[in-house]
file work30.txt (compact mmCIF, C-alpha atoms)
# COMPACT_ATOMS: atom_id res chain seq x y z
CA MET O 1 153.79 -129.15 -152.41
CA PHE O 2 150.44 -127.69 -153.45
CA VAL O 3 148.30 -125.92 -150.85
CA SER O 4 144.68 -125.90 -151.96
CA VAL O 5 141.92 -123.37 -151.41
CA SER O 6 139.94 -126.03 -149.55
CA TYR O 7 142.86 -126.70 -147.19
CA LEU O 8 143.22 -123.01 -146.32
CA ARG O 9 139.45 -122.66 -145.89
CA ASP O 10 138.60 -125.89 -144.06
CA ASN O 11 141.77 -126.47 -142.04
CA LEU O 12 142.93 -122.92 -141.32
CA GLY O 13 139.65 -121.01 -141.47
CA VAL O 14 140.78 -118.64 -144.24
CA ASP O 15 138.05 -116.76 -146.10
CA GLU O 16 137.55 -118.51 -149.46
CA THR O 17 137.99 -115.36 -151.57
CA ILE O 18 141.28 -114.54 -149.82
CA ALA O 19 142.45 -118.15 -150.08
CA ARG O 20 141.66 -118.34 -153.80
CA PHE O 21 143.30 -115.00 -154.52
CA PHE O 22 146.65 -116.11 -153.14
CA VAL O 23 146.50 -119.72 -154.33
CA ASP O 24 145.73 -118.59 -157.90
CA ARG O 25 148.19 -115.68 -157.95
CA LYS O 26 151.19 -116.05 -160.20
CA VAL O 27 154.64 -116.14 -158.64
CA PRO O 28 156.20 -112.66 -158.98
CA GLN O 29 159.15 -112.90 -161.32
CA GLY O 30 162.54 -111.88 -159.95
CA ASN O 31 161.30 -111.86 -156.37
CA ALA O 32 163.80 -113.43 -153.97
CA PHE O 33 161.11 -114.75 -151.60
CA TRP O 34 159.57 -116.84 -154.39
CA ARG O 35 162.91 -117.67 -156.01
CA ASN O 36 162.80 -121.11 -157.69
CA ARG O 37 159.17 -121.50 -156.63
CA LEU O 38 156.39 -122.57 -158.98
CA LEU O 39 153.53 -121.89 -156.56
CA TYR O 40 152.61 -118.69 -154.76
CA VAL O 41 151.37 -120.58 -151.69
CA GLY O 42 153.61 -123.61 -151.41
CA TRP O 43 153.93 -125.79 -148.34
CA GLY O 44 155.89 -123.98 -145.68
CA ASN O 45 155.00 -121.64 -142.85
CA GLY O 46 156.40 -118.56 -144.57
CA PHE O 47 154.07 -119.01 -147.53
CA VAL O 48 150.95 -120.29 -145.78
CA SER O 49 151.13 -117.49 -143.23
CA ILE O 50 150.42 -114.87 -145.91
CA PRO O 51 146.77 -115.81 -146.60
CA VAL O 52 146.30 -116.73 -142.93
CA TYR O 53 147.39 -113.28 -141.73
CA TYR O 54 145.43 -111.49 -144.43
CA ASP O 55 142.37 -113.38 -143.25
CA LEU O 56 143.00 -112.15 -139.69
CA LEU O 57 143.17 -108.57 -141.02
CA PHE O 58 139.85 -109.14 -142.78
CA ARG O 59 138.34 -110.49 -139.57
CA ILE O 60 139.26 -107.30 -137.67
CA GLY O 61 137.45 -105.24 -140.29
CA VAL O 62 139.98 -104.28 -142.96
CA PRO O 63 138.07 -104.26 -146.27
CA LYS O 64 138.80 -107.17 -148.56
CA GLU O 65 139.04 -104.75 -151.48
CA ALA O 66 141.96 -102.97 -149.78
CA LEU O 67 143.70 -106.19 -148.75
CA LEU O 68 143.60 -107.67 -152.24
CA ALA O 69 144.21 -104.46 -154.19
CA GLU O 70 147.00 -104.96 -156.71
CA GLU O 71 149.01 -101.96 -155.49
CA HIS O 72 148.93 -103.21 -151.90
CA VAL O 73 149.78 -106.83 -152.74
CA ARG O 74 152.75 -105.65 -154.80
CA LEU O 75 153.91 -103.67 -151.76
CA MET O 76 153.73 -106.82 -149.64
CA GLU O 77 155.64 -108.79 -152.26
CA ALA O 78 158.34 -106.12 -152.40
CA VAL O 79 158.71 -106.22 -148.60
CA MET O 80 159.16 -109.99 -148.77
CA ASP O 81 161.65 -109.64 -151.63
CA TYR O 82 163.82 -107.17 -149.69
CA ALA O 83 163.64 -109.25 -146.51
CA ILE O 84 165.08 -112.31 -148.24
CA GLN O 85 167.73 -110.22 -150.01
CA VAL O 86 168.84 -108.99 -146.58
CA GLU O 87 168.89 -112.55 -145.24
CA PHE O 88 171.19 -113.63 -148.07
CA ARG O 89 173.27 -110.44 -147.74
CA GLU O 90 172.38 -109.27 -151.24
CA ILE O 91 171.39 -105.85 -149.87
CA SER O 92 172.01 -104.21 -146.50
CA PHE O 93 169.34 -103.80 -143.84
CA GLU O 94 169.58 -100.02 -144.27
CA ASP O 95 169.03 -100.40 -148.03
CA GLN O 96 165.94 -102.44 -147.26
CA LEU O 97 164.48 -99.72 -145.02
CA GLN O 98 165.19 -97.02 -147.59
CA ARG O 99 163.50 -98.99 -150.37
CA ILE O 100 160.44 -99.73 -148.23
CA ASP O 101 160.30 -96.08 -147.17
CA ALA O 102 160.19 -95.08 -150.84
CA LEU O 103 157.34 -97.51 -151.50
CA LEU O 104 155.44 -96.07 -148.53
CA SER O 105 155.87 -92.42 -149.50
CA LEU O 106 152.07 -92.07 -149.42
CA ALA O 107 151.56 -94.36 -146.43
CA GLN O 108 148.22 -94.00 -144.68
CA ASN O 109 149.64 -94.87 -141.27
CA THR O 110 152.68 -92.62 -140.94
CA GLU O 111 152.87 -93.04 -137.16
CA LEU O 112 153.23 -96.80 -137.41
CA LYS O 113 155.77 -96.39 -140.20
CA LYS O 114 157.87 -94.11 -138.00
CA GLU O 115 157.54 -96.51 -135.06
CA LEU O 116 158.59 -99.49 -137.19
CA VAL O 117 161.67 -97.73 -138.57
CA GLY O 118 162.86 -96.82 -135.06
CA TYR O 119 162.18 -100.32 -133.76
CA LEU O 120 163.84 -102.13 -136.67
CA GLN O 121 166.96 -99.98 -136.55
CA GLN O 122 167.93 -101.45 -133.17
CA ASP O 123 171.05 -103.61 -133.24
CA THR O 124 169.05 -106.27 -131.41
CA LEU O 125 165.27 -106.27 -131.76
CA LYS O 126 163.92 -105.73 -128.26
CA PRO O 127 160.36 -104.64 -127.34
CA GLN O 128 159.67 -101.00 -128.12
CA GLY O 129 156.19 -99.60 -127.62
CA GLN O 130 153.66 -102.00 -129.11
CA LEU O 131 156.32 -103.75 -131.19
CA GLY O 132 158.52 -106.71 -130.39
CA LEU O 133 158.66 -109.68 -128.05
CA ASP O 134 161.19 -110.39 -125.30
CA TYR O 135 163.10 -112.91 -127.40
CA PRO O 136 164.79 -111.34 -130.47
CA ALA O 137 164.61 -114.55 -132.53
CA LEU O 138 160.82 -114.27 -132.45
CA ASN O 139 161.00 -110.76 -133.93
CA ARG O 140 163.00 -111.70 -137.00
CA ALA O 141 160.10 -111.38 -139.46
CA ASP O 142 158.71 -108.09 -138.13
CA VAL O 143 159.63 -106.14 -141.26
CA PHE O 144 156.41 -107.66 -142.67
CA LEU O 145 154.45 -105.28 -140.45
CA PHE O 146 155.24 -102.49 -142.90
CA ILE O 147 152.31 -103.80 -144.96
CA LEU O 148 149.97 -102.36 -142.32
CA CYS O 149 151.15 -98.84 -143.14
CA GLY O 150 149.54 -99.03 -146.57
CA LEU O 151 146.10 -100.14 -145.41
CA PRO O 152 143.05 -98.11 -144.32
CA MET O 153 143.03 -99.03 -140.64
CA SER O 154 141.86 -97.32 -137.48
CA ALA O 155 144.13 -97.03 -134.44
CA ASP O 156 142.19 -99.85 -132.76
CA GLN O 157 142.51 -102.09 -135.82
CA THR O 158 146.25 -101.42 -135.92
CA VAL O 159 146.58 -102.52 -132.29
CA GLN O 160 144.60 -105.68 -133.05
CA ALA O 161 146.61 -106.41 -136.20
CA ILE O 162 149.87 -106.21 -134.26
CA ARG O 163 148.47 -108.32 -131.43
CA TYR O 164 147.42 -111.10 -133.81
CA TRP O 165 150.71 -110.88 -135.70
CA TYR O 166 152.59 -111.65 -132.49
CA ALA O 167 150.23 -114.54 -131.77
CA LEU O 168 150.51 -115.99 -135.28
CA HIS O 169 153.94 -115.56 -136.79
CA PRO O 170 156.08 -116.27 -133.70
CA SER O 171 154.09 -119.51 -133.38
CA TYR O 172 155.24 -120.53 -136.84
CA LEU O 173 158.80 -119.46 -136.00
CA LEU O 174 158.76 -121.52 -132.79
CA MET O 175 157.56 -124.60 -134.64
CA ASP O 176 160.25 -124.18 -137.28
CA ASP O 177 162.91 -123.59 -134.62
CA MET O 178 161.89 -126.70 -132.73
CA MET O 179 162.49 -128.80 -135.83
CA ASP O 180 165.74 -126.98 -136.65
CA TYR O 181 167.08 -126.86 -133.08
CA SER O 182 170.03 -129.23 -133.45
CA LYS O 183 171.02 -127.93 -136.89
CA ASP O 184 170.87 -124.28 -135.77
CA LYS O 185 172.75 -125.01 -132.56
CA ASP O 186 175.58 -126.70 -134.45
CA ALA O 187 175.72 -123.91 -137.02
CA GLY O 188 175.42 -121.09 -134.50
CA ASP O 189 172.30 -119.78 -136.26
CA GLU O 190 169.52 -117.78 -134.63
CA ASN O 191 166.96 -120.01 -132.94
CA ALA O 192 164.28 -119.05 -130.44
CA ILE O 193 164.63 -122.29 -128.46
CA LEU O 194 168.26 -121.44 -127.75
CA GLU O 195 167.17 -118.03 -126.45
CA LEU O 196 164.43 -119.56 -124.30
CA GLY O 197 166.85 -121.71 -122.33
CA GLU O 198 168.16 -124.47 -124.60
CA GLY O 199 167.31 -128.15 -124.31
CA GLN O 200 164.21 -129.24 -122.42
CA ALA O 201 163.91 -125.91 -120.60
CA GLY O 202 163.79 -124.07 -123.92
CA PHE O 203 161.25 -126.48 -125.39
CA ALA O 204 159.04 -126.23 -122.29
CA ALA O 205 159.08 -122.42 -122.51
CA ALA O 206 158.31 -122.60 -126.24
CA PHE O 207 155.29 -124.83 -125.68
CA GLY O 208 154.06 -122.40 -123.02
CA ILE O 209 154.27 -119.51 -125.51
CA LEU O 210 152.48 -121.58 -128.15
CA GLU O 211 149.62 -122.35 -125.77
CA THR O 212 149.18 -118.64 -125.00
CA ASN O 213 149.28 -117.70 -128.69
CA ILE O 214 146.77 -120.39 -129.62
CA ASP O 215 144.39 -119.11 -126.92
CA THR O 216 144.73 -115.59 -128.34
CA LEU O 217 143.90 -116.78 -131.86
CA ARG O 218 140.98 -118.92 -130.69
CA GLY O 219 138.86 -115.84 -130.13
CA ILE O 220 139.18 -114.65 -133.72
CA ASN O 221 139.69 -117.87 -135.72
CA PRO O 222 138.89 -121.08 -133.82
CA VAL O 223 139.58 -123.26 -136.87
CA LEU O 224 143.12 -121.91 -137.14
CA SER O 225 143.61 -122.27 -133.40
CA HIS O 226 142.55 -125.91 -133.51
CA SER O 227 144.95 -126.61 -136.39
CA LEU O 228 147.87 -125.02 -134.56
CA GLU O 229 146.97 -126.94 -131.42
CA GLU O 230 147.11 -130.22 -133.31
CA ARG O 231 150.52 -129.32 -134.74
CA MET O 232 151.77 -128.36 -131.31
CA GLU O 233 150.63 -131.68 -129.87
CA GLY O 234 152.39 -133.51 -132.70
CA LEU O 235 155.60 -131.63 -131.98
CA HIS O 236 155.26 -132.34 -128.28
CA ASP O 237 154.98 -136.08 -128.94
CA LEU O 238 157.99 -135.91 -131.27
CA ILE O 239 160.28 -133.83 -129.06
CA VAL O 240 159.38 -134.48 -125.41
call {"tool": "encode", "arguments": {"input": "work30.txt", "output": "structure tokens"}}
result
Amino acid sequence: MFVSVSYLRDNLGVDETIARFFVDRKVPQGNAFWRNRLLYVGWGNGFVSIPVYYDLLFRIGVPKEALLAEEHVRLMEAVMDYAIQVEFREISFEDQLQRIDALLSLAQNTELKKELVGYLQQDTLKPQGQLGLDYPALNRADVFLFILCGLPMSADQTVQAIRYWYALHPSYLLMDDMMDYSKDKDAGDENAILELGEGQAGFAAAFGILETNIDTLRGINPVLSHSLEERMEGLHDLIV
């Protein structure tokens, strides 16, 4: 399903230049994340979250020229490629880290890179320093944070970028996990609702986390916050 520039701009508050860049970008060939995809930003939280998060980085002061630089965007695409290859057991997690490390040989934020490697090498992803949430299922996309290592960011901007990441992406994961709850439970797959308490207790805890995340995002992108709030209310009516 096509996601338009106007949808990203008007419904999610994404800067128009950032929205157009990703909507118009060609699907990278041979990349596992975009495998069998015709559109760079198709319908689905994993795809829509890319321009949304890049907009948040722009809002905290990261230059648009750095965010949309070809070398950086190719780094991001490689990180996504490796992440999906790990998910489908095409490469090992250690292989993924080694390949990303090679791409970031000239990383601007070496301290964050070191912190991420130590955090991601845990058998179970638990909070470590400024990284991670209490529920491992909500940390399952954190390899994406390697993109921050290749951007010109101050220490304060890095803290903000991580804060907004944990407000944004876990919200998408929670929404996906709510819809997939029964399927994941039957299959024994990772699901944040199961970690939060299962059944109605898990859903109640998930809605509480969503409300907190939406409040966090309201201060930087009220349009996005409103959109997430509407989705949360729709899920609440469907599930509760």
call {"tool": "residues_around", "arguments": {"input": "work30.txt", "residues": "range 36-38 of chain O", "least_positions_apart": "4", "cutoff": "10 Å", "atoms": "only C-alpha atoms", "output": "list in words"}}
result
Met1, Phe2, Lys26, Val27, Pro28, Gln29, Gly30, Asn31, Ala32 and Gly42 of chain O
call {"tool": "closest_residue", "arguments": {"input": "work30.txt", "among": "O:Val3, O:Leu8, O:Leu145, O:Ala201", "to": "Trp43 in chain O", "atoms": "only C-alpha atoms"}}
result
O:Val3
call {"tool": "residues_around", "arguments": {"input": "work30.txt", "residues": "Phe207 in chain O", "least_positions_apart": "3", "cutoff": "12 Å", "atoms": "all atoms listed in the file", "output": "ChimeraX atom specification"}}
result
/O:170-172,174-175,177-178,192-193,196,200-204,210-214,228-229,231-237,239-240
call {"tool": "write_last_selection", "arguments": {"input": "work30.txt", "atoms": "C-alpha atoms", "output": "tab-separated table (two decimals), keeping the file's coordinate frame"}}
result
chain	number	residue	atom	x	y	z
O	170	PRO	CA	156.08	-116.27	-133.70
O	171	SER	CA	154.09	-119.51	-133.38
O	172	TYR	CA	155.24	-120.53	-136.84
O	174	LEU	CA	158.76	-121.52	-132.79
O	175	MET	CA	157.56	-124.60	-134.64
O	177	ASP	CA	162.91	-123.59	-134.62
O	178	MET	CA	161.89	-126.70	-132.73
O	192	ALA	CA	164.28	-119.05	-130.44
O	193	ILE	CA	164.63	-122.29	-128.46
O	196	LEU	CA	164.43	-119.56	-124.30
O	200	GLN	CA	164.21	-129.24	-122.42
O	201	ALA	CA	163.91	-125.91	-120.60
O	202	GLY	CA	163.79	-124.07	-123.92
O	203	PHE	CA	161.25	-126.48	-125.39
O	204	ALA	CA	159.04	-126.23	-122.29
O	210	LEU	CA	152.48	-121.58	-128.15
O	211	GLU	CA	149.62	-122.35	-125.77
O	212	THR	CA	149.18	-118.64	-125.00
O	213	ASN	CA	149.28	-117.70	-128.69
O	214	ILE	CA	146.77	-120.39	-129.62
O	228	LEU	CA	147.87	-125.02	-134.56
O	229	GLU	CA	146.97	-126.94	-131.42
O	231	ARG	CA	150.52	-129.32	-134.74
O	232	MET	CA	151.77	-128.36	-131.31
O	233	GLU	CA	150.63	-131.68	-129.87
O	234	GLY	CA	152.39	-133.51	-132.70
O	235	LEU	CA	155.60	-131.63	-131.98
O	236	HIS	CA	155.26	-132.34	-128.28
O	237	ASP	CA	154.98	-136.08	-128.94
O	239	ILE	CA	160.28	-133.83	-129.06
O	240	VAL	CA	159.38	-134.48	-125.41
call {"tool": "residues_around", "arguments": {"input": "work30.txt", "residues": "Ile220 in chain O", "least_positions_apart": "6", "cutoff": "9 Å", "atoms": "all atoms listed in the file", "output": "JSON, numbers by chain"}}
result
{"O": [56, 59, 60, 164]}
call {"tool": "closest_residue", "arguments": {"input": "work30.txt", "among": "O:Glu87, O:Glu77, O:Asp215, O:Asp142", "to": "Phe47 in chain O", "atoms": "only C-alpha atoms"}}
result
O:Glu77
call {"tool": "residues_around", "arguments": {"input": "work30.txt", "residues": "range 146-155 of chain O", "least_positions_apart": "2", "cutoff": "8 Å", "atoms": "only C-alpha atoms", "output": "number ranges by chain"}}
result
O: 62, 66-67, 72, 75-76, 79, 100, 104, 106-110, 112-113, 116, 143-144, 157-159
